[in-house]
>>> print(open('data28.tsv').read())   # TSV, C-alpha atoms
chain	number	residue	atom	x	y	z
A	1	MET	CA	12.60	14.67	55.14
A	2	LYS	CA	10.75	17.57	53.47
A	3	VAL	CA	8.07	19.36	55.47
A	4	LEU	CA	5.89	22.10	54.01
A	5	HIS	CA	4.37	24.45	56.60
A	6	PHE	CA	1.11	26.35	56.18
A	7	ASN	CA	0.41	29.28	58.54
A	8	THR	CA	-2.52	31.64	59.05
A	9	ASN	CA	-1.15	34.37	56.78
A	10	ASP	CA	-0.02	32.07	53.96
A	11	LYS	CA	-1.82	32.07	50.62
A	12	TYR	CA	-3.23	28.86	49.19
A	13	LYS	CA	-1.86	29.70	45.73
A	14	ASP	CA	1.66	29.99	47.14
A	15	PHE	CA	1.18	26.74	49.04
A	16	LYS	CA	0.26	24.86	45.86
A	17	GLN	CA	3.27	26.21	44.02
A	18	LYS	CA	5.62	25.19	46.83
A	19	PHE	CA	3.93	21.82	47.15
A	20	ASN	CA	4.37	21.00	43.47
A	21	ALA	CA	7.95	22.27	43.44
A	22	GLU	CA	9.18	20.69	46.69
A	23	LYS	CA	7.17	17.42	46.76
A	24	PRO	CA	6.95	17.40	50.57
A	25	ASP	CA	6.83	14.29	52.73
A	26	ILE	CA	4.57	15.99	55.27
A	27	VAL	CA	2.30	19.05	55.30
A	28	HIS	CA	2.27	20.80	58.68
A	29	ILE	CA	-0.76	23.07	59.18
A	30	HIS	CA	-0.62	25.75	61.89
A	31	ASP	CA	-4.18	27.02	61.57
A	32	VAL	CA	-7.75	25.81	62.04
A	33	TRP	CA	-10.37	28.50	61.51
A	34	SER	CA	-9.63	29.51	57.93
A	35	PHE	CA	-11.27	28.36	54.72
A	36	LYS	CA	-7.80	28.19	53.18
A	37	VAL	CA	-7.10	25.26	55.48
A	38	CYS	CA	-9.93	23.33	53.83
A	39	CYS	CA	-8.20	23.66	50.44
A	40	VAL	CA	-4.78	22.78	51.86
A	41	GLU	CA	-6.12	19.67	53.58
A	42	ARG	CA	-7.90	18.47	50.45
A	43	TYR	CA	-4.88	19.06	48.23
A	44	ALA	CA	-2.54	17.21	50.55
A	45	ARG	CA	-4.97	14.31	50.92
A	46	LYS	CA	-5.51	14.14	47.15
A	47	ASN	CA	-1.75	13.74	46.73
A	48	ARG	CA	-1.52	11.26	49.64
A	49	VAL	CA	0.74	13.42	51.79
A	50	PRO	CA	0.18	13.06	55.57
A	51	ILE	CA	-0.89	16.11	57.55
A	52	VAL	CA	0.37	17.22	60.95
A	53	LEU	CA	-1.91	19.74	62.62
A	54	SER	CA	-0.78	22.20	65.29
A	55	PRO	CA	-3.95	24.02	66.39
A	56	GLY	CA	-2.17	26.28	68.88
A	57	ARG	CA	-5.01	26.18	71.45
A	58	GLN	CA	-7.54	27.15	68.75
A	59	LEU	CA	-9.55	24.05	69.63
A	60	MET	CA	-9.85	24.83	73.32
A	61	PRO	CA	-13.49	25.26	74.47
A	62	TRP	CA	-13.17	28.97	75.22
A	63	HIS	CA	-11.91	29.60	71.67
A	64	VAL	CA	-14.46	27.35	69.97
A	65	GLN	CA	-17.40	28.95	71.84
A	66	HIS	CA	-16.48	32.43	70.64
A	67	HIS	CA	-18.98	33.31	67.86
A	68	TYR	CA	-19.91	29.64	67.87
A	69	PHE	CA	-23.23	29.64	65.97
A	70	ILE	CA	-22.46	32.30	63.39
A	71	GLU	CA	-18.83	31.33	62.72
A	72	LYS	CA	-17.39	28.21	64.33
A	73	LEU	CA	-20.27	25.74	63.88
A	74	PRO	CA	-20.56	26.28	60.10
A	75	MET	CA	-16.80	25.80	59.79
A	76	ILE	CA	-16.88	22.65	61.91
A	77	ILE	CA	-19.57	21.20	59.66
A	78	LEU	CA	-17.88	22.25	56.42
A	79	PHE	CA	-14.26	21.33	57.04
A	80	VAL	CA	-12.82	21.59	60.56
A	81	LYS	CA	-14.09	18.21	61.75
A	82	ARG	CA	-12.74	16.57	58.58
A	83	LEU	CA	-9.40	18.34	59.04
A	84	ILE	CA	-9.08	16.99	62.59
A	85	GLN	CA	-10.18	13.48	61.61
A	86	ASN	CA	-7.82	13.28	58.63
A	87	ALA	CA	-4.74	14.67	60.38
A	88	GLU	CA	-2.13	11.94	60.74
A	89	ALA	CA	-1.07	13.60	63.98
A	90	ILE	CA	-2.18	16.56	66.08
A	91	GLN	CA	0.65	18.28	67.94
A	92	VAL	CA	-0.16	20.24	71.09
A	93	ASN	CA	1.97	22.02	73.69
A	94	LYS	CA	-0.26	21.61	76.73
A	95	LYS	CA	-1.56	18.43	78.34
A	96	GLN	CA	-4.89	20.14	78.94
A	97	GLU	CA	-5.25	20.66	75.19
A	98	LYS	CA	-4.50	16.98	74.54
A	99	ASP	CA	-7.12	15.91	77.09
A	100	VAL	CA	-9.74	18.11	75.43
A	101	LEU	CA	-9.03	16.71	71.97
A	102	ILE	CA	-8.98	13.09	73.15
A	103	GLU	CA	-12.30	13.61	74.93
A	104	GLN	CA	-13.71	15.15	71.75
A	105	GLY	CA	-13.18	11.77	70.08
A	106	TRP	CA	-12.50	12.93	66.52
A	107	ASN	CA	-8.88	11.83	66.44
A	108	GLU	CA	-6.88	9.78	68.96
A	109	ARG	CA	-3.52	10.57	67.34
A	110	VAL	CA	-2.80	13.55	69.61
A	111	GLU	CA	0.77	14.13	70.78
A	112	HIS	CA	1.77	16.41	73.63
A	113	THR	CA	5.31	17.13	72.52
A	114	ASN	CA	7.81	19.76	71.44
A	115	GLN	CA	10.01	17.15	69.73
A	116	ILE	CA	8.71	17.93	66.26
A	117	GLU	CA	11.33	15.95	64.34
A	118	GLU	CA	10.49	12.82	66.34
A	119	LEU	CA	6.81	13.39	65.61
A	120	TYR	CA	7.54	13.67	61.88
A	121	LYS	CA	9.51	10.44	62.03
A	122	LYS	CA	6.63	8.70	63.77
A	123	VAL	CA	4.23	9.93	61.09
A	124	MET	CA	6.47	8.68	58.30
A	125	ASP	CA	7.01	5.30	59.96
A	126	SER	CA	3.23	5.01	60.30
A	127	ASN	CA	2.86	5.53	56.54
A	128	ALA	CA	5.94	3.82	55.12
A	129	PHE	CA	4.18	2.73	51.92
A	130	LEU	CA	3.50	6.35	50.96
A	131	TYR	CA	7.25	6.91	50.75
A	132	PHE	CA	8.03	3.80	48.73
A	133	THR	CA	10.22	4.54	45.72
A	134	GLU	CA	9.88	2.57	42.49
A	135	ARG	CA	13.17	0.85	43.36
A	136	GLU	CA	11.81	-0.27	46.73
A	137	LYS	CA	8.61	-1.60	45.12
A	138	LYS	CA	10.69	-3.59	42.62
A	139	VAL	CA	12.87	-4.99	45.40
A	140	GLU	CA	9.86	-6.09	47.45
A	141	ASN	CA	8.29	-7.69	44.37
A	142	THR	CA	11.52	-9.56	43.60
A	143	LEU	CA	11.92	-10.81	47.15
A	144	LEU	CA	8.27	-11.82	47.29
A	145	ARG	CA	8.64	-13.97	44.19
A	146	LEU	CA	11.87	-15.52	45.46
A	147	GLY	CA	10.34	-16.16	48.86
A	148	LEU	CA	7.30	-17.88	47.35
A	149	SER	CA	9.33	-20.08	44.99
A	150	ARG	CA	9.44	-23.83	45.46
A	151	ASP	CA	11.69	-24.79	42.59
A	152	GLU	CA	14.39	-23.32	40.36
A	153	ASP	CA	11.96	-22.39	37.58
A	154	SER	CA	9.72	-20.30	39.83
A	155	ALA	CA	12.73	-18.69	41.49
A	156	ILE	CA	14.07	-17.14	38.26
A	157	VAL	CA	14.39	-13.34	38.40
A	158	THR	CA	16.41	-10.97	36.24
A	159	THR	CA	19.98	-10.02	37.01
A	160	ASP	CA	18.95	-6.36	37.20
A	161	SER	CA	16.32	-7.20	39.84
A	162	VAL	CA	18.88	-9.02	41.98
A	163	SER	CA	21.29	-6.08	41.60
A	164	LEU	CA	18.63	-3.72	42.94
A	165	VAL	CA	18.20	-5.92	46.01
A	166	ARG	CA	21.92	-5.72	46.72
A	167	GLU	CA	22.19	-1.97	46.08
A	168	ILE	CA	19.48	-0.40	48.25
A	169	GLY	CA	20.45	1.20	51.57
A	170	PRO	CA	19.27	1.03	55.19
A	171	GLY	CA	16.48	3.56	54.70
A	172	SER	CA	14.95	1.49	51.92
A	173	TRP	CA	15.25	-1.70	53.96
A	174	ARG	CA	13.45	0.05	56.80
A	175	ASN	CA	10.54	1.01	54.53
A	176	ILE	CA	10.32	-2.53	53.15
A	177	ALA	CA	10.48	-4.01	56.65
A	178	ILE	CA	7.60	-1.84	57.88
A	179	HIS	CA	5.45	-2.52	54.83
A	180	ALA	CA	6.18	-6.26	54.98
A	181	TYR	CA	5.22	-6.26	58.66
A	182	ASP	CA	1.96	-4.42	57.94
A	183	GLU	CA	1.09	-6.75	55.05
A	184	ASN	CA	2.06	-9.94	56.93
A	185	ILE	CA	4.73	-11.00	54.42
A	186	THR	CA	7.88	-10.59	56.54
A	187	ASP	CA	8.54	-14.33	56.58
A	188	VAL	CA	8.30	-14.50	52.79
A	189	ILE	CA	10.62	-11.52	52.32
A	190	ILE	CA	13.22	-13.03	54.66
A	191	THR	CA	13.05	-16.32	52.73
A	192	GLY	CA	13.62	-14.37	49.53
A	193	ILE	CA	16.64	-12.61	50.99
A	194	ARG	CA	18.16	-15.89	52.17
A	195	SER	CA	17.68	-17.42	48.71
A	196	LEU	CA	20.22	-14.85	47.49
A	197	LEU	CA	22.66	-16.03	50.17
A	198	MET	CA	22.39	-12.67	51.93
A	199	SER	CA	22.19	-12.08	55.64
A	200	SER	CA	18.91	-10.34	56.34
A	201	PRO	CA	19.29	-6.52	56.29
A	202	LEU	CA	15.72	-6.08	57.55
A	203	PRO	CA	15.62	-4.13	60.83
A	204	ASP	CA	13.29	-5.20	63.62
A	205	VAL	CA	10.33	-2.84	63.33
A	206	THR	CA	7.94	-4.52	65.73
A	207	ASN	CA	8.51	-2.01	68.53
A	208	ILE	CA	9.12	1.29	66.71
A	209	ALA	CA	6.90	4.24	67.59
A	210	ARG	CA	3.96	4.38	65.20
A	211	PHE	CA	0.39	5.57	65.13
A	212	LYS	CA	-2.46	3.13	64.66
A	213	SER	CA	-3.14	2.84	60.94
A	214	THR	CA	-6.01	4.87	59.53
A	215	ILE	CA	-6.55	2.04	57.03
A	216	ILE	CA	-8.38	-0.77	58.78
A	217	LYS	CA	-8.05	-4.09	56.99
A	218	ASP	CA	-7.42	-7.77	57.58
A	219	ASN	CA	-3.87	-8.96	56.86
A	220	SER	CA	-4.51	-12.63	57.58
A	221	PRO	CA	-4.01	-15.39	54.96
A	222	LEU	CA	-6.49	-15.65	52.10
A	223	PRO	CA	-9.59	-17.68	53.13
A	224	ILE	CA	-9.96	-20.68	50.81
A	225	ASP	CA	-12.55	-22.87	52.53
A	226	THR	CA	-15.78	-20.97	51.95
A	227	PRO	CA	-16.74	-18.31	49.36
A	228	LEU	CA	-17.39	-14.88	50.84
A	229	MET	CA	-19.98	-14.20	48.12
A	230	LYS	CA	-22.14	-16.23	45.68
A	231	ARG	CA	-21.94	-19.24	48.01
A	232	ASN	CA	-25.08	-21.00	46.80
A	233	LEU	CA	-24.23	-20.42	43.15
A	234	PHE	CA	-20.71	-21.73	43.73
A	235	ASN	CA	-22.03	-24.97	45.23
A	236	GLU	CA	-24.42	-25.46	42.31
A	237	VAL	CA	-21.73	-24.80	39.70
A	238	ALA	CA	-19.15	-26.97	41.45
A	239	ASP	CA	-21.60	-29.87	41.52
A	240	GLU	CA	-22.68	-29.33	37.92
A	241	LYS	CA	-19.09	-29.31	36.66
A	242	HIS	CA	-18.02	-32.19	38.92
A	243	ALA	CA	-15.20	-30.00	40.19
A	244	LYS	CA	-12.37	-31.60	42.09
A	245	GLN	CA	-11.08	-30.12	45.34
A	246	GLU	CA	-8.24	-28.32	43.53
A	247	GLU	CA	-10.64	-26.44	41.23
A	248	LYS	CA	-12.95	-25.66	44.14
A	249	THR	CA	-10.09	-24.27	46.23
A	250	ILE	CA	-8.74	-21.98	43.49
A	251	THR	CA	-12.24	-20.83	42.51
A	252	ILE	CA	-12.95	-19.92	46.13
A	253	ALA	CA	-9.59	-18.16	46.35
A	254	LEU	CA	-10.37	-16.05	43.27
A	255	ILE	CA	-13.92	-15.31	44.46
A	256	ASN	CA	-12.63	-14.18	47.85
A	257	THR	CA	-9.85	-12.08	46.33
A	258	ILE	CA	-12.39	-10.26	44.16
A	259	TYR	CA	-14.64	-9.74	47.18
A	260	LEU	CA	-11.87	-8.49	49.47
A	261	ILE	CA	-10.62	-6.02	46.87
A	262	GLN	CA	-14.15	-4.70	46.43
A	263	LYS	CA	-14.40	-4.27	50.21
A	264	LYS	CA	-10.91	-2.69	50.37
A	265	ASN	CA	-10.00	-5.29	52.95
A	266	ILE	CA	-7.19	-7.25	51.34
A	267	SER	CA	-3.49	-7.58	52.16
A	268	ARG	CA	-0.40	-8.50	50.22
A	269	ARG	CA	-0.35	-11.78	52.14
A	270	ALA	CA	-3.68	-12.74	50.56
A	271	LEU	CA	-2.42	-11.96	47.05
A	272	ALA	CA	0.74	-13.95	47.74
A	273	ASP	CA	-1.41	-16.89	48.83
A	274	LEU	CA	-3.39	-16.69	45.59
A	275	TYR	CA	-0.15	-16.62	43.56
A	276	THR	CA	1.06	-19.74	45.38
A	277	LEU	CA	-2.17	-21.61	44.63
A	278	LEU	CA	-2.12	-20.72	40.94
A	279	ARG	CA	1.59	-21.39	40.55
A	280	PHE	CA	1.91	-24.69	42.37
A	281	THR	CA	-1.48	-26.45	42.20
A	282	ASN	CA	-2.38	-29.01	39.55
A	283	TYR	CA	-5.93	-28.32	38.44
A	284	ASN	CA	-8.18	-28.46	35.39
A	285	GLU	CA	-7.93	-24.99	33.82
A	286	VAL	CA	-10.90	-25.51	31.49
A	287	ARG	CA	-13.19	-26.53	34.34
A	288	LEU	CA	-12.04	-23.58	36.46
A	289	GLU	CA	-12.66	-21.16	33.59
A	290	GLN	CA	-16.13	-22.58	33.00
A	291	MET	CA	-17.06	-22.24	36.66
A	292	LEU	CA	-15.99	-18.60	36.80
A	293	GLN	CA	-17.73	-17.91	33.48
A	294	ILE	CA	-21.05	-19.24	34.78
A	295	MET	CA	-20.70	-17.14	37.95
A	296	LYS	CA	-19.85	-14.09	35.79
A	297	LEU	CA	-16.53	-13.67	37.57
A	298	LYS	CA	-14.12	-14.57	34.79
A	299	LYS	CA	-13.42	-10.93	33.83
A	300	PRO	CA	-12.66	-9.75	37.40
A	301	ALA	CA	-10.50	-12.85	37.90
A	302	ALA	CA	-8.63	-12.08	34.67
A	303	ARG	CA	-7.85	-8.60	36.00
A	304	ILE	CA	-6.36	-10.13	39.15
A	305	LEU	CA	-4.19	-12.37	36.96
A	306	GLN	CA	-2.87	-9.24	35.25
A	307	ILE	CA	-1.99	-7.69	38.62
A	308	LEU	CA	-0.22	-10.85	39.79
A	309	SER	CA	1.73	-10.89	36.53
A	310	GLU	CA	2.90	-7.30	36.97
A	311	THR	CA	3.77	-7.50	40.66
A	312	ILE	CA	4.91	-11.03	41.53
A	313	GLY	CA	5.65	-12.30	38.04
A	314	LEU	CA	2.96	-14.93	37.51
A	315	GLU	CA	3.64	-16.35	34.04
A	316	GLU	CA	0.86	-16.89	31.51
A	317	GLY	CA	1.69	-20.61	31.51
A	318	PHE	CA	0.33	-20.76	35.06
A	319	MET	CA	-2.80	-18.70	34.37
A	320	PRO	CA	-6.06	-20.56	33.72
A	321	PHE	CA	-6.97	-18.03	30.99
A	322	GLU	CA	-5.75	-14.79	29.42
A	323	PRO	CA	-5.25	-11.83	31.77
A	324	VAL	CA	-7.15	-8.60	31.15
A	325	ASN	CA	-5.64	-5.13	31.35
A	326	ASP	CA	-8.45	-2.60	30.94
A	327	LYS	CA	-9.81	0.44	32.76
A	328	LYS	CA	-11.29	-1.68	35.52
A	329	THR	CA	-7.91	-3.34	36.00
A	330	GLN	CA	-6.45	0.12	36.53
A	331	LEU	CA	-9.18	0.92	39.05
A	332	MET	CA	-8.41	-2.33	40.86
A	333	LYS	CA	-4.72	-1.40	41.00
A	334	LYS	CA	-5.63	2.05	42.27
A	335	THR	CA	-7.69	0.47	45.06
A	336	LEU	CA	-4.75	-1.71	46.08
A	337	ASN	CA	-2.48	1.34	46.06
A	338	ASN	CA	-4.92	3.38	48.14
A	339	ILE	CA	-5.02	0.73	50.85
A	340	ASN	CA	-1.20	0.46	50.83
A	341	VAL	CA	-0.99	-3.06	49.39
A	342	GLN	CA	1.19	-2.50	46.33
>>> encode(input="data28.tsv", output="structure tokens")
Amino acid sequence: MKVLHFNTNDKYKDFKQKFNAEKPDIVHIHDVWSFKVCCVERYARKNRVPIVLSPGRQLMPWHVQHHYFIEKLPMIILFVKRLIQNAEAIQVNKKQEKDVLIEQGWNERVEHTNQIEELYKKVMDSNAFLYFTEREKKVENTLLRLGLSRDEDSAIVTTDSVSLVREIGPGSWRNIAIHAYDENITDVIITGIRSLLMSSPLPDVTNIARFKSTIIKDNSPLPIDTPLMKRNLFNEVADEKHAKQEEKTITIALINTIYLIQKKNISRRALADLYTLLRFTNYNEVRLEQMLQIMKLKKPAARILQILSETIGLEEGFMPFEPVNDKKTQLMKKTLNNINVQ
């Protein structure tokens, strides 16, 4: 665990140099009323590194009211409120200080504690995806594909991928377990592990100390009954093309996946559900393509096919049309990364 501290007398230039050299897991800020803090907070957030804030009673009413209109209020508007809201945890030494901050309502993740290491651990467990290594991502992808397989052909993965699964240690399994729990794919991951004739190394993470996620999203299965957008157009097109239930279901699934990504409200469970539909449903690919073309959703759908190919291994033989890998595909992948999906 690498923690980079920033104190009142530290220089922002020095902080950036240390940050880039040390690649910290957490940035711990010990100041509030300094414009340097604004830069530190933005830099850490830009690089997706959680912040722990220790205000040291600087947010108590008597301190805030001192030179309030000429000094504190402008700072609150410019950056202090954002700093407090974006802190993954606020550490205080007095219960009175915690009560004041909770009543303020800007951040409920306030901890009255001197056990700093435990607080850091709680922060990291609350943001397990941010600490995913490339190896851990590959292992989760492999297990996801194995867990979703229904036959020998769909269960094929490379020898190197299986080796990675067998080589990672307890810390990696903990990260995967937390992320799988958050994304509602634990059952699939366990099925994937068992397919390799391994006893499950996933720890039980249901009761570990964690903060409520700052990313609010739905991790339920992908809705496939009703389109979340273009409902009237979908009904018209489905009738015009005499679509069977299979084409309707997959079209709705693609429409809803596009919509949920746009709204930043999608989980890995939903993408796994879409993979399963595309991989194991018999449907008319030409009719499906025509329906999406008329609704002007073929291009976004093709970008999703590219993402499923890269992450879960959807083969082109099970895609209704060619995948697309362009700038908007990269933006879509960035969105999924920013909401901790993959």
>>> atom_distance(input="data28.tsv", atom1="atom CA of Ala272 of chain A", atom2="atom CA of Asn340 of chain A")
14.9 Å
>>> residues_around(input="data28.tsv", residues="segment 175-185 of chain A", least_positions_apart="3", cutoff="6 Å", atoms="all atoms listed in the file", output="list in words")
Ala128, Ser172, Val188, Leu202, Asn219, Ser267, Arg268 and Arg269 of chain A
>>> write_last_selection(input="data28.tsv", atoms="C-alpha atoms", output="compact mmCIF listing (two decimals), keeping the file's coordinate frame")
# COMPACT_ATOMS: atom_id res chain seq x y z
CA ALA A 128 5.94 3.82 55.12
CA SER A 172 14.95 1.49 51.92
CA VAL A 188 8.30 -14.50 52.79
CA LEU A 202 15.72 -6.08 57.55
CA ASN A 219 -3.87 -8.96 56.86
CA SER A 267 -3.49 -7.58 52.16
CA ARG A 268 -0.40 -8.50 50.22
CA ARG A 269 -0.35 -11.78 52.14
>>> closest_atom_pairs(input="data28.tsv", of="segment 114-154 of chain A", to="segment 27-30 of chain A", cutoff="12 Å", atoms="all atoms listed in the file", output="tab-separated table")
residue	atom	partner	partner_atom	distance
A:Ile116	CA	A:His28	CA	10.4
A:Glu117	CA	A:His28	CA	11.7
A:Leu119	CA	A:His28	CA	11.1
A:Tyr120	CA	A:His28	CA	9.4
A:Val123	CA	A:Val27	CA	11.0
A:Met124	CA	A:Val27	CA	11.6
>>> closest_residue(input="data28.tsv", among="A:Asp125, A:Asp239, A:Asp99, A:Asp160", to="Lys138 of chain A", atoms="all atoms listed in the file")
A:Asp160
>>> closest_residue(input="data28.tsv", among="A:Asn107, A:Leu101, A:Asn265, A:Ser126", to="Val205 of chain A", atoms="all atoms listed in the file")
A:Ser126
>>> residues_around(input="data28.tsv", residues="Leu292 of chain A", least_positions_apart="6", cutoff="10 Å", atoms="all atoms listed in the file", output="ChimeraX atom specification")
/A:234,237,251-252,254-255,298-301
>>> write_last_selection(input="data28.tsv", atoms="C-alpha atoms", output="mmCIF file, in the coordinates of the input")
data_model
loop_
_atom_site.group_PDB
_atom_site.id
_atom_site.type_symbol
_atom_site.label_atom_id
_atom_site.label_comp_id
_atom_site.auth_asym_id
_atom_site.auth_seq_id
_atom_site.Cartn_x
_atom_site.Cartn_y
_atom_site.Cartn_z
ATOM 1 C CA PHE A 234 -20.710 -21.730 43.730
ATOM 2 C CA VAL A 237 -21.730 -24.800 39.700
ATOM 3 C CA THR A 251 -12.240 -20.830 42.510
ATOM 4 C CA ILE A 252 -12.950 -19.920 46.130
ATOM 5 C CA LEU A 254 -10.370 -16.050 43.270
ATOM 6 C CA ILE A 255 -13.920 -15.310 44.460
ATOM 7 C CA LYS A 298 -14.120 -14.570 34.790
ATOM 8 C CA LYS A 299 -13.420 -10.930 33.830
ATOM 9 C CA PRO A 300 -12.660 -9.750 37.400
ATOM 10 C CA ALA A 301 -10.500 -12.850 37.900
#
>>> atom_distance(input="data28.tsv", atom1="atom CA of Leu314 of chain A", atom2="atom CA of Asn256 of chain A")
18.7 Å
>>> residues_around(input="data28.tsv", residues="Asn86 of chain A", least_positions_apart="3", cutoff="9 Å", atoms="all atoms listed in the file", output="PyMOL selection string")
chain A and resi 41+45+50-51+81-83+89+107+214
>>> axis_aligned_box(input="data28.tsv", around="segment 213-220 of chain A", padding_each_side="6 Å", output="lines of an AutoDock Vina configuration file")
center_x = -5.8
center_y = -3.9
center_z = 58.9
size_x = 17.2
size_y = 29.5
size_z = 16.1
>>> atom_distance(input="data28.tsv", atom1="atom CA of Glu322 of chain A", atom2="atom CA of Glu289 of chain A")
10.3 Å
>>> closest_residue(input="data28.tsv", among="A:Lys263, A:Lys248, A:Lys327, A:His242", to="Lys217 of chain A", atoms="only C-alpha atoms")
A:Lys263
>>> closest_residue(input="data28.tsv", among="A:Glu315, A:Asp225, A:Glu236, A:Asp14", to="Ala155 of chain A", atoms="all atoms listed in the file")
A:Glu315
>>> closest_residue(input="data28.tsv", among="A:Lys72, A:Trp106, A:Asn338, A:Leu196", to="Lys46 of chain A", atoms="only C-alpha atoms")
A:Asn338
>>> closest_residue(input="data28.tsv", among="A:His112, A:Lys328, A:His5, A:Arg194", to="Val100 of chain A", atoms="all atoms listed in the file")
A:His112
>>> residues_around(input="data28.tsv", residues="Glu22 of chain A", least_positions_apart="2", cutoff="9 Å", atoms="all atoms listed in the file", output="PyMOL selection string")
chain A and resi 2-4+17-20+24
>>> write_last_selection(input="data28.tsv", atoms="C-alpha atoms", output="PDB file, in the frame of the given file")
ATOM      1  CA  LYS A   2      10.750  17.570  53.470  1.00  0.00           C
ATOM      2  CA  VAL A   3       8.070  19.360  55.470  1.00  0.00           C
ATOM      3  CA  LEU A   4       5.890  22.100  54.010  1.00  0.00           C
ATOM      4  CA  GLN A  17       3.270  26.210  44.020  1.00  0.00           C
ATOM      5  CA  LYS A  18       5.620  25.190  46.830  1.00  0.00           C
ATOM      6  CA  PHE A  19       3.930  21.820  47.150  1.00  0.00           C
ATOM      7  CA  ASN A  20       4.370  21.000  43.470  1.00  0.00           C
ATOM      8  CA  PRO A  24       6.950  17.400  50.570  1.00  0.00           C
TER       9      PRO A  24
END
>>> decode(input="data28.tsv", residues="segment 159-177 of chain A", atoms="N, CA and C atoms", output="PDB file, in the first residue's frame")
ATOM      1  N   THR A 159      -4.281 -21.704 -23.079  1.00  0.00           N
ATOM      2  CA  THR A 159      -3.515 -22.300 -21.975  1.00  0.00           C
ATOM      3  C   THR A 159      -2.911 -21.224 -21.087  1.00  0.00           C
ATOM      4  N   ASP A 160      -2.436 -20.151 -21.707  1.00  0.00           N
ATOM      5  CA  ASP A 160      -1.846 -19.043 -20.931  1.00  0.00           C
ATOM      6  C   ASP A 160      -2.883 -18.417 -20.003  1.00  0.00           C
ATOM      7  N   SER A 161      -4.128 -18.290 -20.480  1.00  0.00           N
ATOM      8  CA  SER A 161      -5.179 -17.703 -19.647  1.00  0.00           C
ATOM      9  C   SER A 161      -5.465 -18.577 -18.433  1.00  0.00           C
ATOM     10  N   VAL A 162      -5.516 -19.896 -18.654  1.00  0.00           N
ATOM     11  CA  VAL A 162      -5.750 -20.815 -17.541  1.00  0.00           C
ATOM     12  C   VAL A 162      -4.587 -20.768 -16.555  1.00  0.00           C
ATOM     13  N   SER A 163      -3.373 -20.633 -17.068  1.00  0.00           N
ATOM     14  CA  SER A 163      -2.188 -20.554 -16.194  1.00  0.00           C
ATOM     15  C   SER A 163      -2.268 -19.336 -15.286  1.00  0.00           C
ATOM     16  N   LEU A 164      -2.733 -18.216 -15.856  1.00  0.00           N
ATOM     17  CA  LEU A 164      -2.874 -16.999 -15.044  1.00  0.00           C
ATOM     18  C   LEU A 164      -3.840 -17.228 -13.892  1.00  0.00           C
ATOM     19  N   VAL A 165      -4.937 -17.924 -14.172  1.00  0.00           N
ATOM     20  CA  VAL A 165      -5.935 -18.190 -13.132  1.00  0.00           C
ATOM     21  C   VAL A 165      -5.292 -18.967 -11.986  1.00  0.00           C
ATOM     22  N   ARG A 166      -4.453 -19.903 -12.318  1.00  0.00           N
ATOM     23  CA  ARG A 166      -3.845 -20.766 -11.294  1.00  0.00           C
ATOM     24  C   ARG A 166      -2.687 -20.096 -10.569  1.00  0.00           C
ATOM     25  N   GLU A 167      -2.159 -19.000 -11.132  1.00  0.00           N
ATOM     26  CA  GLU A 167      -0.946 -18.388 -10.569  1.00  0.00           C
ATOM     27  C   GLU A 167      -1.214 -17.230  -9.612  1.00  0.00           C
ATOM     28  N   ILE A 168      -2.346 -16.540  -9.758  1.00  0.00           N
ATOM     29  CA  ILE A 168      -2.548 -15.336  -8.943  1.00  0.00           C
ATOM     30  C   ILE A 168      -2.716 -15.690  -7.461  1.00  0.00           C
ATOM     31  N   GLY A 169      -2.381 -14.710  -6.602  1.00  0.00           N
ATOM     32  CA  GLY A 169      -2.385 -14.949  -5.166  1.00  0.00           C
ATOM     33  C   GLY A 169      -3.633 -14.451  -4.459  1.00  0.00           C
ATOM     34  N   PRO A 170      -3.649 -14.578  -3.134  1.00  0.00           N
ATOM     35  CA  PRO A 170      -4.833 -14.202  -2.332  1.00  0.00           C
ATOM     36  C   PRO A 170      -5.276 -12.757  -2.510  1.00  0.00           C
ATOM     37  N   GLY A 171      -4.305 -11.840  -2.632  1.00  0.00           N
ATOM     38  CA  GLY A 171      -4.674 -10.435  -2.804  1.00  0.00           C
ATOM     39  C   GLY A 171      -5.453 -10.202  -4.085  1.00  0.00           C
ATOM     40  N   SER A 172      -5.034 -10.866  -5.149  1.00  0.00           N
ATOM     41  CA  SER A 172      -5.729 -10.739  -6.431  1.00  0.00           C
ATOM     42  C   SER A 172      -7.122 -11.359  -6.359  1.00  0.00           C
ATOM     43  N   TRP A 173      -7.215 -12.508  -5.681  1.00  0.00           N
ATOM     44  CA  TRP A 173      -8.529 -13.145  -5.551  1.00  0.00           C
ATOM     45  C   TRP A 173      -9.472 -12.261  -4.743  1.00  0.00           C
ATOM     46  N   ARG A 174      -8.934 -11.541  -3.784  1.00  0.00           N
ATOM     47  CA  ARG A 174      -9.758 -10.636  -2.981  1.00  0.00           C
ATOM     48  C   ARG A 174     -10.315  -9.511  -3.864  1.00  0.00           C
ATOM     49  N   ASN A 175      -9.453  -8.921  -4.698  1.00  0.00           N
ATOM     50  CA  ASN A 175      -9.910  -7.862  -5.594  1.00  0.00           C
ATOM     51  C   ASN A 175     -10.989  -8.368  -6.546  1.00  0.00           C
ATOM     52  N   ILE A 176     -10.763  -9.555  -7.114  1.00  0.00           N
ATOM     53  CA  ILE A 176     -11.732 -10.127  -8.048  1.00  0.00           C
ATOM     54  C   ILE A 176     -13.052 -10.425  -7.335  1.00  0.00           C
ATOM     55  N   ALA A 177     -12.957 -10.932  -6.107  1.00  0.00           N
ATOM     56  CA  ALA A 177     -14.167 -11.253  -5.342  1.00  0.00           C
ATOM     57  C   ALA A 177     -15.001 -10.003  -5.072  1.00  0.00           C
TER      58      ALA A 177
END
